[in-house]
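Enquirer: Have a look at the structure that comes next, please.
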Amino acid sequence: MVNDLVQLGAGVAGPPAELIFGDWYPALRARELRVGKMTKAMLLGVPLVLGRKKDGEIFAMRDLCPHRGIPLSAGWFDGETVQCKYHGWRFEPCGGQCVEIPSLTQFETLDPTKIYAGAYPCEERDGYAWVYLPEPGTGRVGDALPPVPELPKFSQRFRSAHLVADLPCNVDHGIIGLMDPAHGPFVHQAWWWRSRASIHEKEKHFEPLNDHENSGRNSGFRMSAHAPSGNSAPYKLLGVYGEPITTTIDFVLPNRRYETIRCGDKWFSSLTTVTPVTPSTCRIDVIAAWNIFYSVPFVTSIATFFGARFVRQDQQTMIEQAEGLRFHPGLMLIDDADKPAKWYFALKQARLKGSGEHPLSGPVTLHWRS
Ligand code: FES
Ligand SMILES: [Fe+2]
């Protein structure tokens, strides 16, 4: 079930953020990629052209011809090679190797196969085309790439849905909005979720997620397993199975939030990513899967409807926030409700410096009202 939300027009864009290269980001839904068709996308300010070859393999090229810079997407793709519109150079799109320069004659020694267009590792996972964006200027990528992020699933059979929304703010605001616990009763007021009247004090336990082996590249933190908020109707519904419910929420660099709810052999799992489209805009993608109420008809439509409404409320708030951010106001992060945001900024800086430092030395308990 697809539920693409309102695309933003030439909306406002807030200040830029520093970007984390050297990682996988979802570019678009893989089913948009059809043999012989080229689809444009943008990740971290890099223009991309994606497509699917006749053999089913998907590719992501930098959408610029290495000859004179015209977008390759202006040219042709026959299912095997991408041909530039300007002088007809042809490229194998997965590796970017040039396979033909039509203007060459027998008198020239230039070997076209020594020339490469930009091509990025591209993998299909959970219905997304994930693209690995290397540090600029690091040349072609080797084989030792980190694994492609994946939504955890706990049974063979499950249903799934996804949502997408463009946000007119930079990736940092998108991410801290995602982990912000205090906006729920205000932004997400609804009879089936929670209302201002239901605000009460919460105590949540966090622990560091270290990634020492990789100098902290996928560091993060976990909101430890606990019984979820008693004040939200969907969670009450889950109680019908009569077994204890646990949820964990993990944040993992650079931009991923995993939420897992388990109740006996029933489960719900979601992966939310906030992806920088440009340094000052981002996009939120949610992919969810579950086996709860597997046999209840319409559950996918119902879940997508509520999920879409939820994401739209966040999106609307960030559109309004972006109007304010244009004026570069000073901002605040308070304890304890904004503590996860502080950890995010510390983790991000550690990753950008490659220091492997972690802001949490052990378990931490936070208190807030929401
Ligand atoms: S600009 Fe692409 S072939 Fe010349
Ligand atoms: Fe929200």
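Identifiers for the structure tokens are assigned positionally: chains receive A, B, ... in sequence, residues are indexed from 1 per chain, and ligands are indexed from 1 in the order shown.
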At most 9 Å is the cut-off: for each residue in chain A with any atom that close to an atom of ligand 2, write down the nearest atom pair and the distance in Å rounded to one decimal, counting only C-alpha atoms and all ligand atoms, chain first then increasing number, as CSV.
Expert:
residue,atom,partner,partner_atom_place_in_ligand_line,distance
A:Gly177,CA,ligand 2,1 (Fe),6.6
A:Leu178,CA,ligand 2,1 (Fe),5.9
A:Met179,CA,ligand 2,1 (Fe),8.0
A:Asp180,CA,ligand 2,1 (Fe),7.4
A:Pro181,CA,ligand 2,1 (Fe),8.1
A:His183,CA,ligand 2,1 (Fe),6.6
A:Gly184,CA,ligand 2,1 (Fe),6.0
A:Val187,CA,ligand 2,1 (Fe),6.7
A:His188,CA,ligand 2,1 (Fe),6.6
A:Phe310,CA,ligand 2,1 (Fe),6.7
A:Val311,CA,ligand 2,1 (Fe),6.7
A:Arg312,CA,ligand 2,1 (Fe),8.9
A:Gln313,CA,ligand 2,1 (Fe),7.0
A:Asp314,CA,ligand 2,1 (Fe),4.8
A:Gln315,CA,ligand 2,1 (Fe),8.4
A:Thr317,CA,ligand 2,1 (Fe),8.8
Enquirer: Neighbours of ligand 1 at 9 Å or closer, counting only C-alpha atoms and all ligand atoms: which residues, as a PyMOL selection string?
Expert: chain A and resi 64-72+75+83-90+101-102
Enquirer: Hey, can you spit out that residue selection with N, CA, C and O atoms as a short mmCIF file (atom, residue, chain, number, x, y, z; two decimals), in the first residue's frame?
Expert:
data_model
loop_
_atom_site.label_atom_id
_atom_site.label_comp_id
_atom_site.auth_asym_id
_atom_site.auth_seq_id
_atom_site.Cartn_x
_atom_site.Cartn_y
_atom_site.Cartn_z
N LEU A 64 25.33 13.43 -14.15
CA LEU A 64 26.15 14.40 -14.85
C LEU A 64 27.08 13.63 -15.79
O LEU A 64 27.77 12.72 -15.34
N CYS A 65 27.12 13.98 -17.04
CA CYS A 65 28.03 13.31 -17.96
C CYS A 65 29.45 13.76 -17.67
O CYS A 65 29.71 14.96 -17.52
N PRO A 66 30.41 12.82 -17.58
CA PRO A 66 31.79 13.22 -17.28
C PRO A 66 32.43 14.00 -18.43
O PRO A 66 33.47 14.64 -18.23
N HIS A 67 31.82 13.98 -19.61
CA HIS A 67 32.40 14.71 -20.74
C HIS A 67 32.19 16.22 -20.57
O HIS A 67 33.12 16.97 -20.43
N ARG A 68 30.93 16.65 -20.52
CA ARG A 68 30.69 18.09 -20.39
C ARG A 68 29.56 18.44 -19.44
O ARG A 68 29.02 19.55 -19.50
N GLY A 69 29.18 17.48 -18.60
CA GLY A 69 28.31 17.82 -17.48
C GLY A 69 26.82 17.87 -17.72
O GLY A 69 26.06 18.19 -16.81
N ILE A 70 26.35 17.55 -18.91
CA ILE A 70 24.90 17.55 -19.12
C ILE A 70 24.31 16.39 -18.30
O ILE A 70 24.96 15.35 -18.14
N PRO A 71 23.11 16.54 -17.75
CA PRO A 71 22.52 15.40 -17.02
C PRO A 71 22.36 14.19 -17.93
O PRO A 71 21.84 14.30 -19.04
N LEU A 72 22.81 13.04 -17.43
CA LEU A 72 22.64 11.81 -18.21
C LEU A 72 21.17 11.48 -18.39
O LEU A 72 20.79 10.84 -19.37
N GLY A 75 19.44 11.91 -21.63
CA GLY A 75 19.74 11.04 -22.77
C GLY A 75 18.83 9.83 -22.85
O GLY A 75 17.62 9.94 -22.60
N GLN A 83 23.01 6.34 -22.56
CA GLN A 83 23.71 7.10 -23.60
C GLN A 83 23.44 8.59 -23.42
O GLN A 83 22.30 9.02 -23.25
N CYS A 84 24.53 9.36 -23.42
CA CYS A 84 24.41 10.80 -23.23
C CYS A 84 23.80 11.46 -24.46
O CYS A 84 24.08 11.10 -25.59
N LYS A 85 22.98 12.45 -24.17
CA LYS A 85 22.25 13.14 -25.24
C LYS A 85 23.15 14.03 -26.09
O LYS A 85 22.85 14.31 -27.25
N TYR A 86 24.30 14.47 -25.51
CA TYR A 86 25.06 15.53 -26.17
C TYR A 86 25.97 14.98 -27.28
O TYR A 86 25.86 15.37 -28.45
N HIS A 87 26.87 14.03 -26.92
CA HIS A 87 27.77 13.47 -27.93
C HIS A 87 27.68 11.96 -28.00
O HIS A 87 28.53 11.31 -28.58
N GLY A 88 26.64 11.43 -27.33
CA GLY A 88 26.35 10.00 -27.50
C GLY A 88 27.27 9.03 -26.78
O GLY A 88 27.23 7.82 -27.06
N TRP A 89 28.10 9.49 -25.85
CA TRP A 89 28.92 8.53 -25.09
C TRP A 89 27.98 7.56 -24.39
O TRP A 89 26.94 7.97 -23.85
N ARG A 90 28.39 6.29 -24.36
CA ARG A 90 27.56 5.29 -23.70
C ARG A 90 28.26 4.73 -22.48
O ARG A 90 29.48 4.53 -22.49
N ILE A 101 32.59 5.82 -27.37
CA ILE A 101 32.61 7.24 -27.71
C ILE A 101 32.46 7.31 -29.22
O ILE A 101 33.38 6.96 -29.97
N PRO A 102 31.26 7.69 -29.68
CA PRO A 102 30.97 7.56 -31.12
C PRO A 102 31.90 8.38 -32.01
O PRO A 102 32.11 7.99 -33.16
#
Enquirer: For the strand (DSSP E or B) assignment from backbone DSSP, which residues of range 166-209 of chain A qualify? Please present them as a VMD selection string.
Expert: chain A and resid 166 to 167 189 194 201 to 209
Enquirer: Please, what distance in Å, to one decimal, runs between CA of Pro16 in chain A and CA of Pro279 in chain A?
Expert: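 These two atoms are separated by 4.6 Å.
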Enquirer: Got a sec: who's within 9 Å of Glu92 in chain A, counting only C-alpha atoms, leaving out chain neighbours fewer than 2 positions off, as a list in words?
Expert: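 So the residues in contact are Glu80, Thr81, Val82, Arg90, Cys94, Gly95, Gly96, Gln97, Cys98, Val99 and Ala117 of chain A.
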Enquirer: Measuring between only C-alpha atoms, which one of A:Ala341, A:Ala161, A:Val252, A:Leu19 shows the shortest distance to Val299 in chain A?
Expert: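 Smallest separation from Val299 in chain A among the options: A:Ala161.
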Enquirer: Compile the contact shell of range 139-150 of chain A as a ChimeraX atom specification: residues with an atom at most 8 Å away, counting only C-alpha atoms, same-chain residues fewer than 2 positions apart removed.
Expert: /A:23-24,118,120-121,123,125-126,130,134,136-137,152,271
Enquirer: Quick one: pull the distance between CA of Phe268 in chain A and CA of His162 in chain A, Å, one decimal.
Expert: 13.3 Å
Enquirer: With only C-alpha atoms as the counted atoms, please give the residues lying no more than 7 Å from Ile319 in chain A, apart from itself and same-chain residues fewer than 3 positions off, as a ChimeraX atom specification.
Expert: /A:167-168,315-316,322-323
Enquirer: Show which residues sit within 10 Å of Leu43 in chain A, as a PyMOL selection string. Count only C-alpha atoms, and ignore same-chain residues fewer than 6 positions away.
Expert: chain A and resi 25-28+131-133+275-279+282-283
Enquirer: Using the chain letters and numbers from this document, which residues of range 123-280 of chain A does DSSP assign to helix (DSSP H, G or I), as number ranges by chain?
Expert: A: 171-178, 184-187, 196-198, 212-214, 233-241
Enquirer: In Å, with one decimal, what is the gap from CA of Val286 in chain A to CA of Ala197 in chain A?
Expert: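 If I compute the distance from CA of Val286 in chain A to CA of Ala197 in chain A, I get 28.3 Å.
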Enquirer: Need the shell around Ile284 in chain A: protein/DNA/RNA residues with any atom at most 6 Å away, counting only C-alpha atoms. Skip same-chain ones fewer than 3 positions apart. Format as a ChimeraX atom specification?
Expert: /A:164-165,273-274
